[in-house]
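Asks: Structure supplied as final-v1.txt; contents: compact mmCIF, C-alpha atoms.
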```
# COMPACT_ATOMS: atom_id res chain seq x y z
CA MET F 1265 41.95 -12.91 2.15
CA ALA F 1266 42.36 -16.65 2.42
CA GLU F 1267 39.89 -16.69 5.29
CA LEU F 1268 37.35 -14.73 3.27
CA ASN F 1269 37.71 -17.05 0.32
CA ALA F 1270 37.34 -20.11 2.53
CA SER F 1271 33.92 -18.89 3.68
CA VAL F 1272 32.51 -18.82 0.16
CA GLY F 1273 30.32 -21.78 -0.74
CA PRO F 1274 29.89 -23.40 -4.15
CA ASP F 1275 26.61 -21.58 -4.88
CA GLU F 1276 27.93 -18.18 -3.80
CA PRO F 1277 29.49 -15.53 -6.06
CA ARG F 1278 33.20 -16.36 -6.04
CA VAL F 1279 35.43 -13.84 -4.30
CA ASP F 1280 38.21 -12.59 -6.55
CA PRO F 1281 41.45 -13.58 -4.76
CA ARG F 1282 43.14 -10.48 -6.19
CA ARG F 1283 40.65 -7.98 -4.89
CA PRO F 1284 42.05 -5.38 -2.45
CA ALA F 1285 41.60 -6.29 1.20
CA ASP F 1286 39.30 -4.15 3.32
CA PRO F 1287 41.55 -2.43 5.90
CA LYS F 1288 38.59 -1.97 8.25
CA ILE F 1289 38.20 -5.75 8.58
CA ALA F 1290 41.73 -6.15 9.92
CA GLN F 1291 41.21 -3.25 12.34
CA LEU F 1292 37.94 -4.72 13.63
CA ARG F 1293 39.51 -8.13 14.15
CA ALA F 1294 42.41 -6.61 16.09
CA GLU F 1295 40.23 -4.39 18.32
CA LYS F 1296 39.58 -5.98 21.73
CA ASN F 1297 37.22 -3.34 23.13
CA PRO F 1298 33.69 -4.28 21.95
CA LEU F 1299 32.45 -0.67 22.05
CA LYS F 1300 35.37 0.56 19.95
CA ARG F 1301 34.81 -2.39 17.61
CA LEU F 1302 31.16 -1.36 17.21
CA GLY F 1303 32.19 2.24 16.60
CA GLY F 1304 34.64 1.11 13.94
CA ALA F 1305 31.92 -0.89 12.21
CA LEU F 1306 29.62 2.11 11.79
CA GLY F 1307 29.25 3.36 8.25
CA PRO F 1308 26.42 3.41 5.67
CA GLY F 1309 23.88 2.03 8.15
CA LEU F 1310 24.37 4.87 10.62
CA ILE F 1311 24.12 7.56 7.93
CA THR F 1312 21.01 5.83 6.56
CA GLY F 1313 19.45 5.81 10.03
CA ALA F 1314 20.27 9.47 10.59
CA SER F 1315 18.86 10.46 7.20
CA ASP F 1316 15.69 8.51 8.03
CA ASP F 1317 14.87 11.24 10.55
CA ASP F 1318 14.47 13.77 7.76
CA PRO F 1319 12.07 16.73 8.01
CA SER F 1320 9.35 14.49 6.57
CA GLY F 1321 9.81 12.13 9.48
CA ILE F 1322 10.04 14.92 12.03
CA GLY F 1323 6.85 16.54 10.72
CA THR F 1324 4.99 13.22 10.71
CA TYR F 1325 6.10 12.27 14.23
CA ALA F 1326 5.16 15.72 15.51
CA GLN F 1327 1.75 15.48 13.83
CA ALA F 1328 1.15 12.03 15.35
CA GLY F 1329 1.91 13.25 18.86
CA ALA F 1330 -0.11 16.45 18.50
CA GLN F 1331 -3.17 14.64 17.10
CA TYR F 1332 -3.20 11.47 19.20
CA GLY F 1333 -1.00 12.07 22.23
CA PHE F 1334 0.83 8.91 23.29
CA VAL F 1335 -1.46 6.51 21.39
CA THR F 1336 0.98 5.92 18.50
CA LEU F 1337 4.14 5.41 20.60
CA TRP F 1338 3.85 1.64 20.13
CA THR F 1339 4.57 2.00 16.42
CA THR F 1340 8.22 2.88 17.08
CA LEU F 1341 8.81 -0.42 18.89
CA ALA F 1342 6.92 -2.34 16.19
CA MET F 1343 8.83 -0.68 13.35
CA LEU F 1344 12.34 -1.18 14.73
CA PRO F 1345 12.74 -4.89 13.85
CA MET F 1346 10.96 -4.37 10.53
CA GLN F 1347 13.11 -1.47 9.32
CA THR F 1348 16.29 -3.13 10.63
CA ALA F 1349 15.51 -6.34 8.75
CA VAL F 1350 14.70 -4.59 5.46
CA GLN F 1351 17.72 -2.29 5.60
CA PHE F 1352 20.09 -5.13 6.47
CA ILE F 1353 18.72 -7.20 3.59
CA CYS F 1354 19.38 -4.26 1.24
CA ALA F 1355 22.90 -3.90 2.62
CA LYS F 1356 23.46 -7.61 2.10
CA ILE F 1357 22.28 -7.40 -1.51
CA GLY F 1358 24.85 -4.69 -2.18
CA LEU F 1359 27.66 -6.56 -0.41
CA VAL F 1360 27.03 -9.95 -2.03
CA THR F 1361 26.23 -8.87 -5.60
CA GLY F 1362 28.52 -5.84 -5.81
CA LYS F 1363 25.61 -3.91 -7.39
CA GLY F 1364 22.93 -1.50 -6.30
CA LEU F 1365 19.34 -2.68 -5.97
CA ALA F 1366 18.24 -1.34 -9.36
CA GLY F 1367 21.26 -2.97 -11.01
CA VAL F 1368 20.26 -6.34 -9.55
CA LEU F 1369 16.64 -5.88 -10.67
CA ARG F 1370 17.83 -4.98 -14.18
CA GLU F 1371 19.71 -8.25 -14.46
CA HIS F 1372 17.35 -10.66 -12.71
CA TYR F 1373 13.88 -9.02 -12.53
CA PRO F 1374 13.72 -6.66 -15.53
CA ARG F 1375 9.91 -6.58 -15.73
CA ALA F 1376 9.69 -5.13 -12.24
CA LEU F 1377 12.54 -2.68 -12.72
CA TYR F 1378 10.92 0.29 -14.42
CA PRO F 1379 7.72 0.46 -12.30
CA ALA F 1380 9.93 0.30 -9.19
CA VAL F 1381 12.27 3.05 -10.41
CA ILE F 1382 9.39 5.29 -11.56
CA ALA F 1383 7.72 4.94 -8.14
CA LEU F 1384 11.05 5.67 -6.47
CA VAL F 1385 11.70 8.82 -8.51
CA VAL F 1386 8.19 10.23 -7.98
CA ALA F 1387 8.17 9.57 -4.23
CA ASN F 1388 11.72 10.84 -3.75
CA THR F 1389 11.17 14.03 -5.73
CA LEU F 1390 8.05 14.93 -3.75
CA ASN F 1391 9.81 14.07 -0.50
CA ALA F 1392 12.87 16.13 -1.45
CA GLY F 1393 10.62 19.07 -2.28
CA ALA F 1394 8.87 18.81 1.07
CA ASP F 1395 12.21 18.61 2.87
CA ILE F 1396 13.58 21.66 1.03
CA GLY F 1397 10.45 23.54 2.10
CA ALA F 1398 11.01 22.42 5.69
CA ILE F 1399 14.61 23.67 5.63
CA ALA F 1400 13.32 27.03 4.38
CA SER F 1401 10.73 27.12 7.17
CA ALA F 1402 13.47 26.35 9.71
CA ILE F 1403 15.60 29.23 8.43
CA ASN F 1404 12.50 31.41 8.62
CA LEU F 1405 12.44 30.72 12.37
CA LEU F 1406 15.82 32.44 12.60
CA VAL F 1407 15.51 35.08 9.87
CA PRO F 1408 12.18 37.00 9.61
CA VAL F 1409 12.02 36.73 5.83
CA PRO F 1410 9.33 34.75 3.92
CA ALA F 1411 10.39 31.08 3.66
CA PHE F 1412 9.96 30.92 -0.13
CA VAL F 1413 12.88 33.32 -0.53
CA PHE F 1414 15.24 30.60 0.69
CA ILE F 1415 13.96 27.79 -1.57
CA VAL F 1416 16.22 28.43 -4.58
CA PRO F 1417 19.42 29.12 -2.57
CA ILE F 1418 18.85 25.95 -0.53
CA GLY F 1419 18.29 23.82 -3.62
CA LEU F 1420 21.31 25.23 -5.44
CA GLY F 1421 23.47 24.82 -2.34
CA ILE F 1422 22.53 21.16 -1.97
CA ILE F 1423 23.23 20.54 -5.67
CA ALA F 1424 26.64 22.17 -5.24
CA ILE F 1425 27.40 19.89 -2.28
CA GLN F 1426 26.72 16.79 -4.37
CA VAL F 1427 28.27 17.93 -7.65
CA PHE F 1428 31.32 19.83 -6.51
CA GLY F 1429 31.89 18.78 -2.90
CA SER F 1430 32.29 15.65 -0.87
CA TYR F 1431 28.91 14.40 0.28
CA ARG F 1432 30.62 12.07 2.75
CA LEU F 1433 32.23 15.05 4.53
CA ILE F 1434 28.98 17.00 4.53
CA ALA F 1435 27.10 13.96 5.84
CA LYS F 1436 29.47 13.67 8.79
CA VAL F 1437 28.94 17.33 9.68
CA PHE F 1438 25.18 17.45 9.31
CA LYS F 1439 24.73 14.06 10.96
CA TRP F 1440 25.82 15.72 14.19
CA LEU F 1441 23.56 18.71 13.59
CA ALA F 1442 20.67 16.27 13.30
CA VAL F 1443 21.63 14.88 16.72
CA VAL F 1444 20.25 18.16 18.10
CA LEU F 1445 16.85 16.50 17.66
CA LEU F 1446 17.69 14.36 20.68
CA ALA F 1447 16.75 17.50 22.64
CA TYR F 1448 13.22 16.12 22.40
CA ILE F 1449 14.29 13.60 25.07
CA GLY F 1450 15.03 16.41 27.51
CA ALA F 1451 11.90 18.29 26.53
CA ALA F 1452 9.80 15.18 27.17
CA LEU F 1453 11.23 14.83 30.69
CA PHE F 1454 10.73 18.52 31.49
CA ALA F 1455 7.11 18.30 30.29
CA ARG F 1456 6.44 15.66 32.99
CA PRO F 1457 4.20 13.35 30.94
CA ASP F 1458 1.73 10.95 32.56
CA ILE F 1459 3.92 7.84 32.93
CA VAL F 1460 0.94 5.45 32.99
CA LYS F 1461 -0.39 6.82 29.71
CA VAL F 1462 3.11 6.77 28.20
CA LEU F 1463 3.58 3.10 29.11
CA ALA F 1464 0.12 2.23 27.81
CA GLY F 1465 0.79 3.99 24.52
CA THR F 1466 4.18 2.30 24.23
CA LEU F 1467 3.22 -1.26 25.10
CA VAL F 1468 -0.43 -1.58 24.01
CA PRO F 1469 -1.04 -1.27 20.24
CA THR F 1470 -4.08 0.85 19.42
CA ILE F 1471 -5.98 0.30 16.16
CA ARG F 1472 -8.75 2.63 15.07
CA LEU F 1473 -10.73 2.19 11.87
CA ASP F 1474 -11.02 5.80 10.85
CA PRO F 1475 -9.24 7.32 7.83
CA ALA F 1476 -7.32 9.96 9.79
CA TYR F 1477 -5.81 7.49 12.25
CA ILE F 1478 -4.98 4.90 9.60
CA GLY F 1479 -3.53 7.71 7.50
CA ILE F 1480 -1.12 8.73 10.26
CA ILE F 1481 -0.15 5.07 10.83
CA VAL F 1482 0.62 4.67 7.12
CA ALA F 1483 2.56 7.94 7.23
CA LEU F 1484 4.58 6.73 10.23
CA LEU F 1485 5.36 3.47 8.46
CA GLY F 1486 6.17 5.25 5.20
CA THR F 1487 8.47 7.86 6.71
CA THR F 1488 10.34 5.20 8.71
CA ILE F 1489 10.47 2.25 6.30
CA SER F 1490 11.11 4.45 3.28
CA PRO F 1491 11.72 3.09 -0.25
CA TYR F 1492 14.54 5.53 -0.97
CA LEU F 1493 16.55 4.03 1.88
CA PHE F 1494 16.38 0.57 0.25
CA PHE F 1495 18.17 1.80 -2.86
CA TRP F 1496 20.50 4.08 -0.92
CA GLN F 1497 21.69 1.38 1.49
CA ALA F 1498 22.59 -1.13 -1.23
CA SER F 1499 24.31 1.51 -3.36
CA GLN F 1500 26.31 2.88 -0.43
CA GLU F 1501 27.64 -0.58 0.38
CA VAL F 1502 28.86 -0.71 -3.22
CA GLU F 1503 30.39 2.77 -2.87
CA GLU F 1504 32.24 1.61 0.25
CA GLN F 1505 33.69 -1.28 -1.73
CA ILE F 1506 34.77 1.00 -4.57
CA SER F 1507 36.38 3.44 -2.11
CA ILE F 1508 38.84 0.73 -0.96
CA GLY F 1509 39.89 -0.08 -4.51
CA ARG F 1510 37.36 -2.70 -5.60
CA GLY F 1511 36.46 -0.92 -8.80
CA ARG F 1512 35.66 -4.00 -10.87
CA LEU F 1513 32.42 -5.89 -10.34
CA ARG F 1514 34.15 -9.24 -9.80
CA GLN F 1515 36.22 -7.69 -7.01
CA ARG F 1516 33.07 -6.68 -5.11
CA GLN F 1517 31.10 -9.91 -5.38
CA GLY F 1518 30.79 -12.16 -2.35
CA ALA F 1519 30.77 -11.33 1.35
CA SER F 1520 32.08 -13.21 4.38
CA ARG F 1521 30.06 -13.87 7.52
CA PHE F 1522 32.35 -11.42 9.29
CA GLU F 1523 31.50 -8.63 6.82
CA LEU F 1524 27.79 -9.37 7.06
CA LYS F 1525 27.90 -9.44 10.87
CA TYR F 1526 29.35 -5.95 11.06
CA ALA F 1527 26.97 -4.70 8.38
CA LEU F 1528 24.17 -5.90 10.68
CA TRP F 1529 25.66 -4.06 13.66
CA ASP F 1530 26.02 -0.91 11.58
CA THR F 1531 22.42 -1.17 10.37
CA MET F 1532 21.05 -1.85 13.85
CA ALA F 1533 22.87 1.18 15.29
CA GLY F 1534 21.42 3.45 12.61
CA MET F 1535 17.88 2.14 13.01
CA VAL F 1536 17.96 2.38 16.83
CA PHE F 1537 19.06 6.01 16.53
CA SER F 1538 16.23 6.63 14.06
CA GLU F 1539 13.57 5.14 16.32
CA VAL F 1540 14.80 6.83 19.51
CA VAL F 1541 14.39 10.21 17.79
CA ALA F 1542 10.95 9.20 16.48
CA TYR F 1543 9.78 7.96 19.89
CA PHE F 1544 10.69 11.13 21.74
CA ILE F 1545 9.29 13.49 19.13
CA ILE F 1546 5.92 11.73 19.45
CA LEU F 1547 6.25 11.68 23.25
CA THR F 1548 7.21 15.35 23.50
CA THR F 1549 4.52 16.67 21.17
CA GLY F 1550 2.00 14.42 22.91
CA ALA F 1551 3.01 15.77 26.34
CA THR F 1552 2.92 19.41 25.22
CA LEU F 1553 0.90 20.20 22.09
CA PHE F 1554 -1.75 17.48 22.53
CA VAL F 1555 -2.25 18.29 26.21
CA ALA F 1556 -2.55 21.99 25.35
CA GLY F 1557 -5.27 21.20 22.80
CA LYS F 1558 -3.11 22.10 19.79
CA HIS F 1559 -3.82 19.05 17.66
CA ASP F 1560 -2.59 20.29 14.27
CA VAL F 1561 1.06 21.02 13.57
CA LEU F 1562 0.84 23.43 10.64
CA SER F 1563 4.29 25.01 10.72
CA ALA F 1564 7.83 24.64 12.02
CA THR F 1565 6.90 27.21 14.68
CA ASP F 1566 4.19 24.86 15.95
CA ALA F 1567 6.68 21.99 16.17
CA ALA F 1568 9.13 24.24 18.02
CA GLN F 1569 6.57 24.88 20.75
CA ALA F 1570 7.03 21.29 21.95
CA LEU F 1571 10.62 22.11 22.92
CA ARG F 1572 9.67 25.06 25.15
CA PRO F 1573 9.69 23.08 28.43
CA LEU F 1574 13.40 22.44 27.90
CA ALA F 1575 14.65 25.37 25.83
CA GLY F 1576 12.17 28.18 26.51
CA ASP F 1577 12.55 31.00 24.00
CA ALA F 1578 15.48 29.15 22.42
CA SER F 1579 13.17 26.32 21.30
CA ALA F 1580 12.87 27.81 17.80
CA LEU F 1581 16.67 27.98 17.51
CA LEU F 1582 17.02 24.37 18.65
CA LEU F 1583 14.41 23.05 16.23
CA ALA F 1584 15.81 25.15 13.38
CA ILE F 1585 19.31 23.72 13.83
CA GLY F 1586 17.94 20.17 13.96
CA LEU F 1587 15.68 20.62 10.92
CA ILE F 1588 18.41 22.24 8.84
CA GLY F 1589 20.87 19.48 9.72
CA ALA F 1590 18.35 16.70 9.07
CA GLY F 1591 17.18 18.27 5.82
CA VAL F 1592 20.59 18.93 4.32
CA LEU F 1593 21.55 15.36 5.21
CA ALA F 1594 18.34 13.85 3.78
CA VAL F 1595 17.79 15.72 0.50
CA PRO F 1596 21.04 14.46 -1.09
CA VAL F 1597 20.09 10.94 0.03
CA LEU F 1598 16.66 11.31 -1.63
CA THR F 1599 17.91 12.73 -4.92
CA GLY F 1600 21.01 10.52 -4.83
CA SER F 1601 19.02 7.30 -4.39
CA ALA F 1602 16.75 8.35 -7.28
CA ALA F 1603 19.86 8.91 -9.39
CA TYR F 1604 21.28 5.51 -8.42
CA GLY F 1605 18.00 3.85 -9.38
CA VAL F 1606 17.69 5.55 -12.77
CA SER F 1607 21.38 5.17 -13.65
CA GLU F 1608 21.50 1.47 -12.75
CA ALA F 1609 18.25 0.88 -14.64
CA PHE F 1610 19.79 2.25 -17.84
CA GLY F 1611 23.30 0.94 -17.25
CA TRP F 1612 24.85 4.40 -16.79
CA ARG F 1613 27.92 5.04 -14.69
CA SER F 1614 26.86 6.18 -11.22
CA GLY F 1615 28.24 7.08 -7.85
CA LEU F 1616 29.02 10.07 -5.66
CA ASN F 1617 32.65 8.94 -5.81
CA SER F 1618 32.63 9.64 -9.57
CA LYS F 1619 33.26 13.10 -10.98
CA PRO F 1620 30.41 14.72 -12.94
CA SER F 1621 32.39 14.37 -16.17
CA ARG F 1622 32.53 10.59 -15.68
CA ALA F 1623 28.89 10.14 -14.62
CA PRO F 1624 26.98 12.98 -16.33
CA GLN F 1625 23.59 11.22 -16.45
CA PHE F 1626 23.80 10.34 -12.74
CA TYR F 1627 24.33 13.97 -11.75
CA ALA F 1628 21.75 15.15 -14.28
CA VAL F 1629 19.09 13.11 -12.44
CA ILE F 1630 20.19 14.65 -9.14
CA VAL F 1631 19.92 18.16 -10.56
CA ALA F 1632 16.56 17.48 -12.23
CA ALA F 1633 15.03 15.92 -9.10
CA THR F 1634 16.22 18.83 -6.96
CA PHE F 1635 14.85 21.44 -9.39
CA VAL F 1636 11.44 19.74 -9.54
CA GLY F 1637 11.47 19.52 -5.73
CA MET F 1638 12.22 23.24 -5.55
CA ALA F 1639 9.37 24.00 -7.96
CA ILE F 1640 6.86 22.07 -5.84
CA ASN F 1641 7.37 24.62 -3.07
CA PHE F 1642 5.88 27.38 -5.21
CA LEU F 1643 2.51 25.62 -5.49
CA GLY F 1644 1.30 27.03 -2.17
CA ILE F 1645 1.18 23.73 -0.26
CA ASN F 1646 1.74 24.01 3.51
CA SER F 1647 5.19 22.60 4.35
CA ILE F 1648 4.05 20.34 7.22
CA THR F 1649 1.12 19.05 5.14
CA ALA F 1650 3.54 18.30 2.29
CA LEU F 1651 5.83 16.41 4.67
CA VAL F 1652 3.04 14.17 5.94
CA LEU F 1653 1.64 13.59 2.43
CA SER F 1654 5.08 12.55 1.18
CA ALA F 1655 5.29 10.11 4.08
CA VAL F 1656 1.90 8.63 3.13
CA LEU F 1657 3.06 8.24 -0.48
CA ASN F 1658 6.20 6.45 0.71
CA GLY F 1659 3.99 4.12 2.75
CA LEU F 1660 1.90 3.25 -0.30
CA VAL F 1661 4.99 2.60 -2.46
CA ALA F 1662 6.93 0.63 0.16
CA ALA F 1663 4.98 -2.65 0.18
CA PRO F 1664 5.57 -3.67 -3.48
CA LEU F 1665 9.23 -2.62 -3.23
CA ILE F 1666 9.75 -4.72 -0.09
CA ILE F 1667 8.26 -7.70 -1.95
CA LEU F 1668 10.86 -7.17 -4.69
CA VAL F 1669 13.64 -6.90 -2.09
CA MET F 1670 12.51 -10.17 -0.52
CA LEU F 1671 12.36 -11.96 -3.87
CA VAL F 1672 15.88 -10.81 -4.72
CA SER F 1673 17.37 -11.66 -1.32
CA ASN F 1674 15.87 -15.17 -1.32
CA ASP F 1675 16.96 -15.98 -4.88
CA ARG F 1676 20.00 -18.30 -4.94
CA LYS F 1677 20.80 -17.23 -8.48
CA VAL F 1678 21.41 -13.76 -7.09
CA MET F 1679 22.64 -14.36 -3.54
CA GLY F 1680 24.17 -17.84 -3.63
CA GLU F 1681 24.47 -19.19 -0.08
CA ARG F 1682 23.79 -15.74 1.34
CA VAL F 1683 20.02 -15.98 0.93
CA ASN F 1684 18.02 -14.96 3.99
CA GLY F 1685 17.72 -17.25 6.98
CA ARG F 1686 14.31 -18.20 8.34
CA LEU F 1687 14.09 -15.42 10.92
CA LEU F 1688 15.19 -12.69 8.53
CA SER F 1689 12.80 -13.96 5.87
CA ALA F 1690 9.93 -14.08 8.37
CA VAL F 1691 10.48 -10.50 9.52
CA GLY F 1692 10.96 -9.26 5.96
CA TRP F 1693 7.77 -10.85 4.64
CA ALA F 1694 5.87 -9.72 7.76
CA THR F 1695 7.02 -6.17 7.03
CA ALA F 1696 5.70 -6.39 3.47
CA LEU F 1697 2.39 -7.72 4.83
CA VAL F 1698 2.06 -4.96 7.43
CA MET F 1699 2.84 -2.22 4.90
CA GLY F 1700 0.40 -3.75 2.42
CA VAL F 1701 -2.44 -4.11 4.93
CA ALA F 1702 -1.95 -0.56 6.21
CA SER F 1703 -2.00 0.81 2.66
CA ILE F 1704 -5.13 -1.13 1.73
CA GLY F 1705 -6.75 -0.03 4.99
CA LEU F 1706 -6.06 3.61 4.14
CA ILE F 1707 -7.54 3.25 0.65
CA VAL F 1708 -10.64 1.37 1.88
CA THR F 1709 -11.40 3.69 4.80
CA THR F 1710 -10.85 6.77 2.62
CA ILE F 1711 -13.29 5.53 -0.01
CA PHE F 1712 -15.94 3.99 2.24
CA GLY F 1713 -15.24 5.72 5.56
```
Could you render the structure from this file as structure tokens?

Replies:
Amino acid sequence: MAELNASVGPDEPRVDPRRPADPKIAQLRAEKNPLKRLGGALGPGLITGASDDDPSGIGTYAQAGAQYGFVTLWTTLAMLPMQTAVQFICAKIGLVTGKGLAGVLREHYPRALYPAVIALVVANTLNAGADIGAIASAINLLVPVPAFVFIVPIGLGIIAIQVFGSYRLIAKVFKWLAVVLLAYIGAALFARPDIVKVLAGTLVPTIRLDPAYIGIIVALLGTTISPYLFFWQASQEVEEQISIGRGRLRQRQGASRFELKYALWDTMAGMVFSEVVAYFIILTTGATLFVAGKHDVLSATDAAQALRPLAGDASALLLAIGLIGAGVLAVPVLTGSAAYGVSEAFGWRSGLNSKPSRAPQFYAVIVAATFVGMAINFLGINSITALVLSAVLNGLVAAPLIILVMLVSNDRKVMGERVNGRLLSAVGWATALVMGVASIGLIVTTIFG
């Protein structure tokens, strides 16, 4: 602990010398193998990255490939540094302040707090509803029963996981189910795409000034750089601190360079995983559905067709497993991050480590958001359309929230000496600009296009 304390500057939140040591830090320092050291550093960032490839993301990536072929592949390369920077900044806020993002806004930026939390809750609830519908559609691929029959059991099951079970255990299990989506890599190779067109789509950005194309770009940005992940990442860093015995706020404040370095590694690993999945879903659907002239992905069955070059008749099974895993991982993150935001805004006890009896309002928000999400599925909206629309909404909400994140992370009253460096600030502000321009472009082209 002496070394951690020595790294704290005069303007930085003082580290409580009596706070419990993080056992992972000692293990990472002792590990000589760099790959094992990286593996030991993985935590909230990896789960965040895996949950980023939720059914909303999968549906949006599949739609982009089916509609435009390889033209939007470049967005995955462009988004990687942006989403990594924003997520690392959110992780850093949680590590340095010992609070979630909404808790920090409540103390330092109260005027911005409630609009941010309202936008978060609305976007997350719609997204959770779309994801629940996608899980039902995936089960429908396996069981020939109307998808709506599964909506209520899915919603109640996910609530039970969060209220009565260990979300961390469930996340570990379903994280690996979501890895099934890497089958899109194999499917892309078996489809034998035109390498020249793939490289052109990957390396040459294409901008078109028509509402549909700008809409899919905003959806890609929104489903990848998602507001719910900002709140989730910061809150999970706090949860990690609490899990090792740092229950008091003063015990969680302050972070060493060593802790921040491994938080960056963790975040980068999660975001790379997220973008690899995104890239190959676009590539696969572009090489199969787009080439076959099927430009609209209207159901999970349509998305499954892209996997046929690799899996044949088992393509539906493969996609169903991946969608179910991704959805059951993502919905608790969506409703949980909404609950963190609301609870921190009102000063309620929060946290998935807390029992429902100790954090009743926190779990009440989770239950309410899930029930509203379930209800949305009975409005007759197509599940894939709902997924893409929720991604567009996230894209519209993201820009103002990123601006708030940047203001917080560059405020010495909040972060002390751990304010952003020049490069991190540049990428963060550039991300806010890109999200803002894309959103304005969508609005303008929709009205005047």

Asks: Around the point (15.3, 16.6, 4.1), in the coordinates given by the file, pick out the residues reaching within 10 Å, counting all atoms listed in the file, and return them as a PyMOL selection string.

Replies: chain F and resi 1315-1322+1391-1399+1587-1598+1651

Asks: Would you mind listing what lies within 8 Å of segment 1355-1358 of chain F as a PyMOL selection string, with all atoms listed in the file counted and same-chain residues fewer than 5 positions away left out?

Replies: chain F and resi 1363-1365+1497-1502+1524+1527+1672-1673+1679

Asks: What would the list of residues within 10 Å of (34.9, 7.2, -8.3) (file frame) look like as an MDAnalysis selection string, if all atoms listed in the file are what count?

Replies: chainID F and resid 1503 1506:1507 1509 1511 1613:1620 1622:1623

Asks: Wanna dump the segment 1534-1590 of chain F-segment 1339-1346 of chain F contacts at 9 Å for me, each residue with its shortest atom pair and the distance in Å to one decimal, counting all atoms listed in the file, ordered by chain and number, as a Markdown table?

Replies:
```
| residue | atom | partner | partner_atom | distance |
| --- | --- | --- | --- | --- |
| F:Met1535 | CA | F:Leu1344 | CA | 6.7 |
| F:Val1536 | CA | F:Leu1344 | CA | 7.0 |
| F:Ser1538 | CA | F:Leu1344 | CA | 8.8 |
| F:Glu1539 | CA | F:Thr1340 | CA | 5.9 |
| F:Val1540 | CA | F:Thr1340 | CA | 8.1 |
| F:Ala1542 | CA | F:Thr1340 | CA | 6.9 |
| F:Tyr1543 | CA | F:Thr1340 | CA | 6.0 |
```

Asks: Given only C-alpha atoms, how would the per-residue table for segment 1478-1548 of chain F near segment 1291-1297 of chain F read, listing every residue at most 12 Å away with its closest atom pair and distance in Å to one decimal, sorted by chain and number, as a Markdown table?

Replies:
```
| residue | atom | partner | partner_atom | distance |
| --- | --- | --- | --- | --- |
| F:Phe1522 | CA | F:Arg1293 | CA | 9.3 |
| F:Glu1523 | CA | F:Leu1292 | CA | 10.2 |
| F:Lys1525 | CA | F:Leu1292 | CA | 11.4 |
| F:Tyr1526 | CA | F:Leu1292 | CA | 9.1 |
```

Asks: Leaving out Leu1665 of chain F and any residue of its chain fewer than 6 positions from it, which residues lie within 12 Å of it when counting only C-alpha atoms, given as a ChimeraX atom specification?

Replies: /F:1350,1354,1365-1366,1369,1376-1384,1486,1489-1495,1658-1659,1671-1672,1692-1693,1695-1697,1699-1700

Asks: Let me see the file: selected residues, C-alpha atoms, as an mmCIF file, keeping the file's coordinate frame.

Replies:
```cif
data_model
loop_
_atom_site.group_PDB
_atom_site.id
_atom_site.type_symbol
_atom_site.label_atom_id
_atom_site.label_comp_id
_atom_site.auth_asym_id
_atom_site.auth_seq_id
_atom_site.Cartn_x
_atom_site.Cartn_y
_atom_site.Cartn_z
ATOM 1 C CA VAL F 1350 14.700 -4.590 5.460
ATOM 2 C CA CYS F 1354 19.380 -4.260 1.240
ATOM 3 C CA LEU F 1365 19.340 -2.680 -5.970
ATOM 4 C CA ALA F 1366 18.240 -1.340 -9.360
ATOM 5 C CA LEU F 1369 16.640 -5.880 -10.670
ATOM 6 C CA ALA F 1376 9.690 -5.130 -12.240
ATOM 7 C CA LEU F 1377 12.540 -2.680 -12.720
ATOM 8 C CA TYR F 1378 10.920 0.290 -14.420
ATOM 9 C CA PRO F 1379 7.720 0.460 -12.300
ATOM 10 C CA ALA F 1380 9.930 0.300 -9.190
ATOM 11 C CA VAL F 1381 12.270 3.050 -10.410
ATOM 12 C CA ILE F 1382 9.390 5.290 -11.560
ATOM 13 C CA ALA F 1383 7.720 4.940 -8.140
ATOM 14 C CA LEU F 1384 11.050 5.670 -6.470
ATOM 15 C CA GLY F 1486 6.170 5.250 5.200
ATOM 16 C CA ILE F 1489 10.470 2.250 6.300
ATOM 17 C CA SER F 1490 11.110 4.450 3.280
ATOM 18 C CA PRO F 1491 11.720 3.090 -0.250
ATOM 19 C CA TYR F 1492 14.540 5.530 -0.970
ATOM 20 C CA LEU F 1493 16.550 4.030 1.880
ATOM 21 C CA PHE F 1494 16.380 0.570 0.250
ATOM 22 C CA PHE F 1495 18.170 1.800 -2.860
ATOM 23 C CA ASN F 1658 6.200 6.450 0.710
ATOM 24 C CA GLY F 1659 3.990 4.120 2.750
ATOM 25 C CA LEU F 1671 12.360 -11.960 -3.870
ATOM 26 C CA VAL F 1672 15.880 -10.810 -4.720
ATOM 27 C CA GLY F 1692 10.960 -9.260 5.960
ATOM 28 C CA TRP F 1693 7.770 -10.850 4.640
ATOM 29 C CA THR F 1695 7.020 -6.170 7.030
ATOM 30 C CA ALA F 1696 5.700 -6.390 3.470
ATOM 31 C CA LEU F 1697 2.390 -7.720 4.830
ATOM 32 C CA MET F 1699 2.840 -2.220 4.900
ATOM 33 C CA GLY F 1700 0.400 -3.750 2.420
#
```

Asks: So, with all atoms listed in the file as the atoms that count, which of F:Thr1549, F:Thr1389, F:Ser1607, F:Ser1601 lies closest to Gln1625 of chain F?

Replies: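 Between F:Thr1549, F:Thr1389, F:Ser1607, F:Ser1601, the residue approaching Gln1625 of chain F most closely is F:Ser1607.
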
Asks: With distances taken over all atoms listed in the file, which residue among F:Asn1684, F:Thr1599, F:Thr1488, F:Thr1649 lies nearest Ile1423 of chain F?

Replies: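 Comparing F:Asn1684, F:Thr1599, F:Thr1488, F:Thr1649 against Ile1423 of chain F, the winner is F:Thr1599.
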